[in-house]
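Q: Just one file: my_file.csv, with CSV, C-alpha atoms and all ligand atoms.
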chain,number,residue,atom,x,y,z
A,1,MET,CA,26.5,-5.0,-19.7
A,2,ASN,CA,26.2,-2.4,-22.3
A,3,ASP,CA,29.4,-0.4,-22.7
A,4,GLN,CA,27.5,2.9,-22.8
A,5,TYR,CA,26.4,2.6,-19.2
A,6,ASP,CA,28.4,2.4,-16.0
A,7,TYR,CA,25.5,0.7,-14.3
A,8,VAL,CA,22.3,-1.1,-15.3
A,9,LEU,CA,20.1,-1.3,-12.3
A,10,LYS,CA,17.0,-3.4,-11.8
A,11,VAL,CA,14.2,-1.6,-10.0
A,12,VAL,CA,11.0,-3.5,-9.2
A,13,MET,CA,7.5,-1.9,-8.7
A,14,LEU,CA,5.6,-3.9,-6.1
A,15,GLY,CA,2.1,-3.4,-4.6
A,16,THR,CA,-1.2,-5.1,-4.6
A,17,GLN,CA,-3.7,-4.6,-7.5
A,18,LYS,CA,-4.7,-1.0,-8.3
A,19,THR,CA,-2.1,0.7,-6.1
A,20,GLY,CA,-0.9,2.9,-9.0
A,21,LYS,CA,2.3,1.2,-10.3
A,22,THR,CA,1.3,1.5,-13.9
A,23,TYR,CA,-0.2,4.9,-13.4
A,24,PHE,CA,3.1,6.1,-12.0
A,25,LEU,CA,5.2,4.6,-14.9
A,26,ASN,CA,2.7,6.0,-17.5
A,27,LYS,CA,3.1,9.5,-15.9
A,28,LEU,CA,6.9,9.1,-16.0
A,29,LYS,CA,6.8,8.4,-19.7
A,30,GLN,CA,4.0,11.0,-20.3
A,31,LYS,CA,1.7,8.4,-21.6
A,32,GLN,CA,-2.1,8.9,-21.5
A,33,TYR,CA,-3.7,7.0,-18.6
A,34,ASN,CA,-7.4,6.5,-19.4
A,35,GLU,CA,-8.7,3.5,-17.5
A,36,TYR,CA,-7.5,0.7,-15.4
A,37,ILE,CA,-6.1,-2.3,-17.3
A,38,ALA,CA,-4.5,-5.0,-15.1
A,39,THR,CA,-0.9,-5.6,-15.9
A,40,LEU,CA,-0.5,-9.2,-17.0
A,41,GLY,CA,2.7,-10.7,-15.8
A,42,LEU,CA,5.4,-8.1,-16.1
A,43,ASP,CA,6.0,-5.0,-18.1
A,44,MET,CA,9.4,-3.4,-18.4
A,45,ILE,CA,10.5,0.1,-19.1
A,46,PHE,CA,13.8,1.9,-19.1
A,47,GLN,CA,15.0,5.3,-17.8
A,48,ASN,CA,18.5,6.8,-18.0
A,49,TYR,CA,20.1,9.0,-15.4
A,50,ASN,CA,23.5,10.7,-15.0
A,51,ILE,CA,24.5,10.5,-11.3
A,52,ASP,CA,27.4,12.5,-9.9
A,53,HIS,CA,29.4,11.1,-7.1
A,54,LEU,CA,33.1,11.0,-6.1
A,55,ASN,CA,34.1,13.4,-8.9
A,56,LYS,CA,32.6,11.1,-11.4
A,57,THR,CA,29.4,11.0,-13.4
A,58,SER,CA,27.9,7.5,-13.6
A,59,CYS,CA,25.7,6.9,-16.6
A,60,THR,CA,23.0,4.8,-15.2
A,61,ARG,CA,20.2,2.9,-16.8
A,62,LEU,CA,17.2,1.8,-14.8
A,63,GLN,CA,15.5,-1.3,-15.9
A,64,ILE,CA,12.1,-0.9,-14.3
A,65,TRP,CA,9.9,-4.0,-13.8
A,66,ASP,CA,6.2,-3.2,-13.5
A,67,ASN,CA,4.9,-6.2,-11.6
A,68,GLY,CA,1.3,-7.1,-12.3
A,69,GLN,CA,-0.9,-9.3,-10.1
A,70,GLN,CA,-1.0,-12.3,-12.5
A,71,PRO,CA,2.5,-13.5,-12.2
A,72,LEU,CA,2.3,-16.0,-15.1
A,73,GLN,CA,4.2,-18.7,-13.2
A,74,MET,CA,7.0,-16.4,-12.1
A,75,SER,CA,7.5,-16.4,-8.3
A,76,LEU,CA,8.0,-13.2,-6.4
A,77,ASN,CA,11.4,-14.6,-5.5
A,78,SER,CA,12.6,-14.6,-9.1
A,79,ILE,CA,11.0,-11.2,-9.8
A,80,LEU,CA,12.9,-9.7,-6.9
A,81,GLY,CA,16.2,-11.5,-7.6
A,82,GLY,CA,19.0,-9.1,-8.6
A,83,SER,CA,17.0,-5.9,-7.9
A,84,MET,CA,18.9,-2.9,-6.5
A,85,GLY,CA,15.9,-0.7,-5.9
A,86,ILE,CA,12.2,-1.5,-5.0
A,87,CYS,CA,9.2,0.8,-4.8
A,88,ILE,CA,6.3,-0.6,-2.7
A,89,PHE,CA,3.1,1.1,-3.6
A,90,CYS,CA,0.3,1.6,-1.1
A,91,ASN,CA,-3.2,2.8,-2.1
A,92,THR,CA,-4.1,5.0,0.8
A,93,ASN,CA,-7.8,4.4,0.1
A,94,ASP,CA,-7.3,0.7,0.6
A,95,LYS,CA,-6.2,-0.7,4.0
A,96,SER,CA,-5.4,-4.1,2.7
A,97,SER,CA,-2.8,-2.7,0.3
A,98,PHE,CA,-1.0,-1.2,3.4
A,99,ASP,CA,-1.2,-4.5,5.2
A,100,GLN,CA,0.5,-6.2,2.3
A,101,CYS,CA,3.5,-3.9,2.6
A,102,GLY,CA,4.9,-5.7,5.6
A,103,ILE,CA,4.5,-9.1,3.8
A,104,TYR,CA,6.4,-7.7,0.8
A,105,LEU,CA,9.2,-6.4,3.1
A,106,LYS,CA,9.6,-9.8,4.6
A,107,GLN,CA,9.9,-11.3,1.2
A,108,ILE,CA,12.4,-8.6,0.1
A,109,ARG,CA,14.6,-9.3,3.2
A,110,ASP,CA,14.6,-13.0,2.3
A,111,SER,CA,15.2,-12.6,-1.5
A,112,CYS,CA,17.3,-9.5,-2.0
A,113,ARG,CA,20.7,-8.0,-1.2
A,114,LYS,CA,20.9,-6.5,2.2
A,115,ASP,CA,21.6,-3.0,0.8
A,116,VAL,CA,18.7,-2.9,-1.6
A,117,ILE,CA,17.1,0.6,-1.6
A,118,ILE,CA,13.4,0.4,-0.8
A,119,MET,CA,10.9,3.2,-1.0
A,120,LEU,CA,7.3,3.1,0.2
A,121,ILE,CA,5.0,5.2,-2.1
A,122,GLY,CA,1.7,6.2,-0.7
A,123,ASN,CA,-0.8,7.0,-3.5
A,124,THR,CA,-3.9,9.0,-2.6
A,125,TYR,CA,-6.5,8.7,-5.3
A,126,SER,CA,-9.8,10.0,-3.8
A,127,ASN,CA,-10.9,11.9,-0.7
A,128,GLU,CA,-11.8,8.7,1.1
A,129,ARG,CA,-8.4,8.3,2.5
A,130,ILE,CA,-8.1,5.5,5.1
A,131,VAL,CA,-4.3,5.1,5.6
A,132,GLN,CA,-2.9,8.4,7.0
A,133,THR,CA,0.6,9.9,6.4
A,134,ASP,CA,1.6,9.4,10.0
A,135,GLU,CA,1.1,5.6,9.8
A,136,LEU,CA,3.1,5.4,6.5
A,137,VAL,CA,5.9,7.5,7.9
A,138,GLN,CA,6.1,5.5,11.1
A,139,PHE,CA,6.1,2.3,9.1
A,140,SER,CA,8.9,3.5,6.9
A,141,GLN,CA,11.0,4.7,9.8
A,142,HIS,CA,10.5,1.5,11.7
A,143,HIS,CA,11.7,-0.5,8.7
A,144,ASN,CA,14.4,2.0,7.7
A,145,ILE,CA,13.1,2.6,4.2
A,146,LEU,CA,12.4,5.8,2.2
A,147,TYR,CA,9.0,7.2,1.9
A,148,THR,CA,7.1,9.5,-0.4
A,149,GLU,CA,3.5,10.4,-1.3
A,150,ILE,CA,1.9,10.9,-4.7
A,151,ASN,CA,-1.6,12.0,-5.7
A,152,ASP,CA,-3.6,13.3,-8.6
A,153,GLU,CA,-1.1,16.1,-9.2
A,154,LEU,CA,1.7,13.6,-10.0
A,155,ASN,CA,3.6,14.6,-13.1
A,156,SER,CA,6.5,13.3,-15.1
A,157,THR,CA,9.1,15.4,-13.3
A,158,ASP,CA,7.9,14.1,-9.9
A,159,CYS,CA,8.3,10.5,-11.1
A,160,TYR,CA,11.7,11.3,-12.6
A,161,SER,CA,12.9,12.8,-9.3
A,162,ILE,CA,11.6,9.8,-7.2
A,163,LEU,CA,13.4,7.3,-9.3
A,164,HIS,CA,16.5,9.6,-9.5
A,165,LYS,CA,16.6,9.5,-5.7
A,166,ILE,CA,16.6,5.7,-5.6
A,167,ALA,CA,19.2,5.5,-8.4
A,168,SER,CA,21.5,8.0,-6.6
A,169,PHE,CA,21.3,6.0,-3.3
A,170,VAL,CA,22.2,2.8,-5.2
A,171,VAL,CA,25.1,4.4,-7.1
A,172,ILE,CA,26.5,6.2,-4.1
A,173,LYS,CA,26.4,3.0,-2.0
A,174,GLN,CA,27.9,1.0,-4.8
A,175,ASN,CA,30.8,3.5,-5.4
A,176,GLN,CA,31.5,3.6,-1.7
A,177,TRP,CA,31.5,-0.1,-1.5
A,178,LEU,CA,33.8,-0.5,-4.5
A,179,GLU,CA,36.2,2.0,-3.0
A,180,LYS,CA,36.2,0.4,0.5
A,181,GLU,CA,36.4,-3.2,-0.8
A,182,LYS,CA,39.0,-2.6,-3.5
A,183,ASP,CA,41.6,-4.9,-1.8
A,184,LEU,CA,39.0,-7.6,-1.5
A,185,LEU,CA,38.0,-7.1,-5.1
A,186,ASN,CA,41.5,-7.8,-6.2
A,187,GLN,CA,41.2,-11.3,-4.8
A,188,GLN,CA,37.7,-12.0,-5.9
A,189,LYS,CA,36.7,-13.3,-9.3
A,190,GLU,CA,33.2,-11.8,-9.3
A,191,ILE,CA,31.0,-9.5,-7.4
A,192,PRO,CA,27.2,-9.9,-7.4
A,193,TRP,CA,26.1,-7.8,-10.3
A,194,MET,CA,29.3,-6.5,-11.9
A,195,THR,CA,32.1,-8.6,-13.3
A,196,TYR,CA,35.5,-8.5,-11.8
A,197,GLU,CA,36.9,-6.7,-14.9
A,198,GLU,CA,34.2,-4.1,-14.8
A,199,ALA,CA,34.8,-3.4,-11.1
A,200,GLN,CA,38.6,-3.1,-11.7
A,201,LYS,CA,38.0,-0.7,-14.6
A,202,MET,CA,35.8,1.4,-12.5
A,203,ILE,CA,38.1,1.6,-9.5
A,204,ASN,CA,41.0,2.5,-11.8
A,205,ALA,CA,39.1,5.2,-13.5
A,206,GLN,CA,38.0,6.6,-10.1
A,207,LYS,CA,41.6,6.6,-8.8
A,208,LYS,CA,42.8,8.4,-11.9
A,209,LYS,CA,40.2,11.1,-11.5
A,210,LEU,CA,41.0,11.6,-7.8
A,211,LYS,CA,44.7,11.9,-8.6
A,212,LYS,CA,44.1,14.8,-11.0
A,301,LIG,N1,-3.5,9.6,-7.5
A,301,LIG,C1,-4.1,9.0,-8.6
A,301,LIG,N2,-4.0,7.7,-8.7
A,301,LIG,C2,-4.5,7.2,-9.9
A,301,LIG,C3,-5.1,8.0,-10.9
A,301,LIG,N3,-5.5,7.1,-11.9
A,301,LIG,C4,-5.2,5.9,-11.5
A,301,LIG,N4,-4.6,5.9,-10.3
A,301,LIG,C5,-4.1,4.8,-9.4
A,301,LIG,O1,-3.9,3.7,-10.3
A,301,LIG,C6,-4.7,2.6,-9.8
A,301,LIG,C7,-5.1,1.8,-10.9
A,301,LIG,O2,-4.3,1.6,-11.9
A,301,LIG,P1,-2.9,1.0,-12.1
A,301,LIG,O3,-1.8,1.9,-11.9
A,301,LIG,O4,-3.0,0.4,-13.5
A,301,LIG,O5,-2.8,-0.2,-11.0
A,301,LIG,P2,-1.6,-1.2,-10.8
A,301,LIG,O6,-1.0,-1.0,-9.5
A,301,LIG,O7,-0.7,-1.1,-11.9
A,301,LIG,O8,-2.4,-2.6,-10.8
A,301,LIG,P3,-2.0,-4.0,-11.4
A,301,LIG,O9,-1.4,-3.8,-12.7
A,301,LIG,O10,-3.3,-4.8,-11.4
A,301,LIG,O11,-1.1,-4.6,-10.4
A,301,LIG,C8,-5.8,3.3,-9.1
A,301,LIG,O12,-6.5,2.5,-8.1
A,301,LIG,C9,-5.1,4.4,-8.4
A,301,LIG,O13,-4.5,4.0,-7.2
A,301,LIG,C10,-5.2,9.4,-10.7
A,301,LIG,O14,-5.6,10.1,-11.5
A,301,LIG,N5,-4.6,9.8,-9.6
A,302,MG,MG,-0.3,-2.4,-13.5
Will you turn the file into structure tokens for me?
Ligand SMILES: Nc1nc2c(ncn2[C@@H]2O[C@H](COP(=O)(O)OP(=O)(O)OP(=O)(O)O)[C@@H](O)[C@H]2O)c(=O)[nH]1
Ligand SMILES: [Mg+2]

A:
Amino acid sequence: MNDQYDYVLKVVMLGTQKTGKTYFLNKLKQKQYNEYIATLGLDMIFQNYNIDHLNKTSCTRLQIWDNGQQPLQMSLNSILGGSMGICIFCNTNDKSSFDQCGIYLKQIRDSCRKDVIIMLIGNTYSNERIVQTDELVQFSQHHNILYTEINDELNSTDCYSILHKIASFVVIKQNQWLEKEKDLLNQQKEIPWMTYEEAQKMINAQKKKLKK
């Protein structure tokens, strides 16, 4: 792990073809989006955040995987492995992209940590909307995941805030978990995505701050 960051978090963009994954990430980075070009295999971009929690600012780097529809021999299992956050995109003009969300969720439950943060993103591109907000909200509540909607007015700040929300949930959960499990951590050699030494260092720093 790079010393500059307290956390490096893997976040995966899932969704069937043309649901707006690359559109979203281009907007985040203020890149021009002219025409649809299928993502081949995987693209990766990075975004840094400072997240405040427990009297501490965690410098967090998101490693965002833009998952195309041509997996180039990589199974969804390996793509999802180690992820802390997942955005599932649904194109509200395309019912089949909504149907696929349930299948993705099942796969996520099989492949990821139990506390992975999942957000459903409903993208409305044209006026011919087929999947309504109610259905998407209901689905999210039923599966206990976050939900948000995007449309033609999406800008870089919106994308930044959406990913900030996911990163905050991950860091808060992780800080709470480290605090709660510190006795256990003393006995364990390694925890899933942070080495034992890193976890110790973090707990000690947190304690020092709380004492002040
Ligand atoms: N709301 C909105 N959506 C857009 C706009 N332009 C493109 N999109 C979305 O982006 C989709 C196509 O582009 P991509 O974002 O490249 O699709 P993708 O999900 O990355 O597709 P794959 O790479 O093939 O998996 C469209 O079908 C829309 O859902 C826009 O101006 N407004
Ligand atoms: Mg793409």

Q: Give me the residues near segment 117-124 of chain A as number ranges by chain, where near means some atom within 6 Å (using only C-alpha atoms) and where sequence neighbours in that chain fewer than 3 positions away do not count.

A: A: 85-92, 145-151

Q: Can you tell me which residues come within 7 Å of ligand LIG 301 (chain A) when counting all atoms listed in the file, ideally as a ChimeraX atom specification?

A: /A:15-24,33,36-40,67-69,91,123-125,150-152

Q: Name the closest residue to ligand MG 302 (chain A) among the candidates A:Asp158, A:Asp110, A:Glu128, A:Asp66; distances are taken between atoms, counting all atoms listed in the file.

A: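 The closest residue to ligand MG 302 (chain A) is A:Asp66.
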
Q: Quick check, in Å to one decimal: how far apart do atom CA of Leu42 of chain A and atom CA of Val11 of chain A lie?

A: 12.5 Å

Q: Calculated over all atoms listed in the file, which of the candidates A:Asn175, A:Asn93, A:Asn26, A:Ser78 has the smallest distance to ligand MG 302 (chain A)?

A: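 So, comparing all the options, the nearest one is A:Asn26.
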
Q: Around the point (13.4, 4.6, -16.1) in the file's coordinates, collect all residues with an atom within 12 Å, using only C-alpha atoms, and return them as a PyMOL selection string.

A: chain A and resi 8-13+24-29+44-50+60-66+85+156-157+159-167

Q: Would you mind reading off the distance between atom CA of Asn144 of chain A and atom CA of Gln107 of chain A, one decimal, in Å?

A: 15.5 Å

Q: In Å to one decimal, how far is atom CA of Cys112 of chain A from atom CA of Glu179 of chain A?

A: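 A separation of 22.1 Å between them.
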
Q: Could you check which of A:Lys173, A:Thr133, A:Leu14, A:His53 is closest to ligand MG 302 (chain A), using only C-alpha atoms and all ligand atoms?

A: A:Leu14

Q: For a quick check of understanding, using only C-alpha atoms and all ligand atoms, which of A:Gly41, A:Leu54, A:Leu80, A:Ser111 has the smallest distance to ligand MG 302 (chain A)?

A: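 Among the listed residues, the smallest separation from ligand MG 302 (chain A) belongs to A:Gly41.
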
Q: So, counting all atoms listed in the file, which residue among A:Lys114, A:Asp6, A:Asn127, A:Leu136 is closest to Asp99 of chain A?

A: A:Leu136

Q: Of the residues A:Asp94, A:Asp43, A:Glu35, A:Asp115, which is the one nearest to Gln174 of chain A, using all atoms listed in the file?

A: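 Using all atoms listed in the file, the shortest distance to Gln174 of chain A belongs to A:Asp115.
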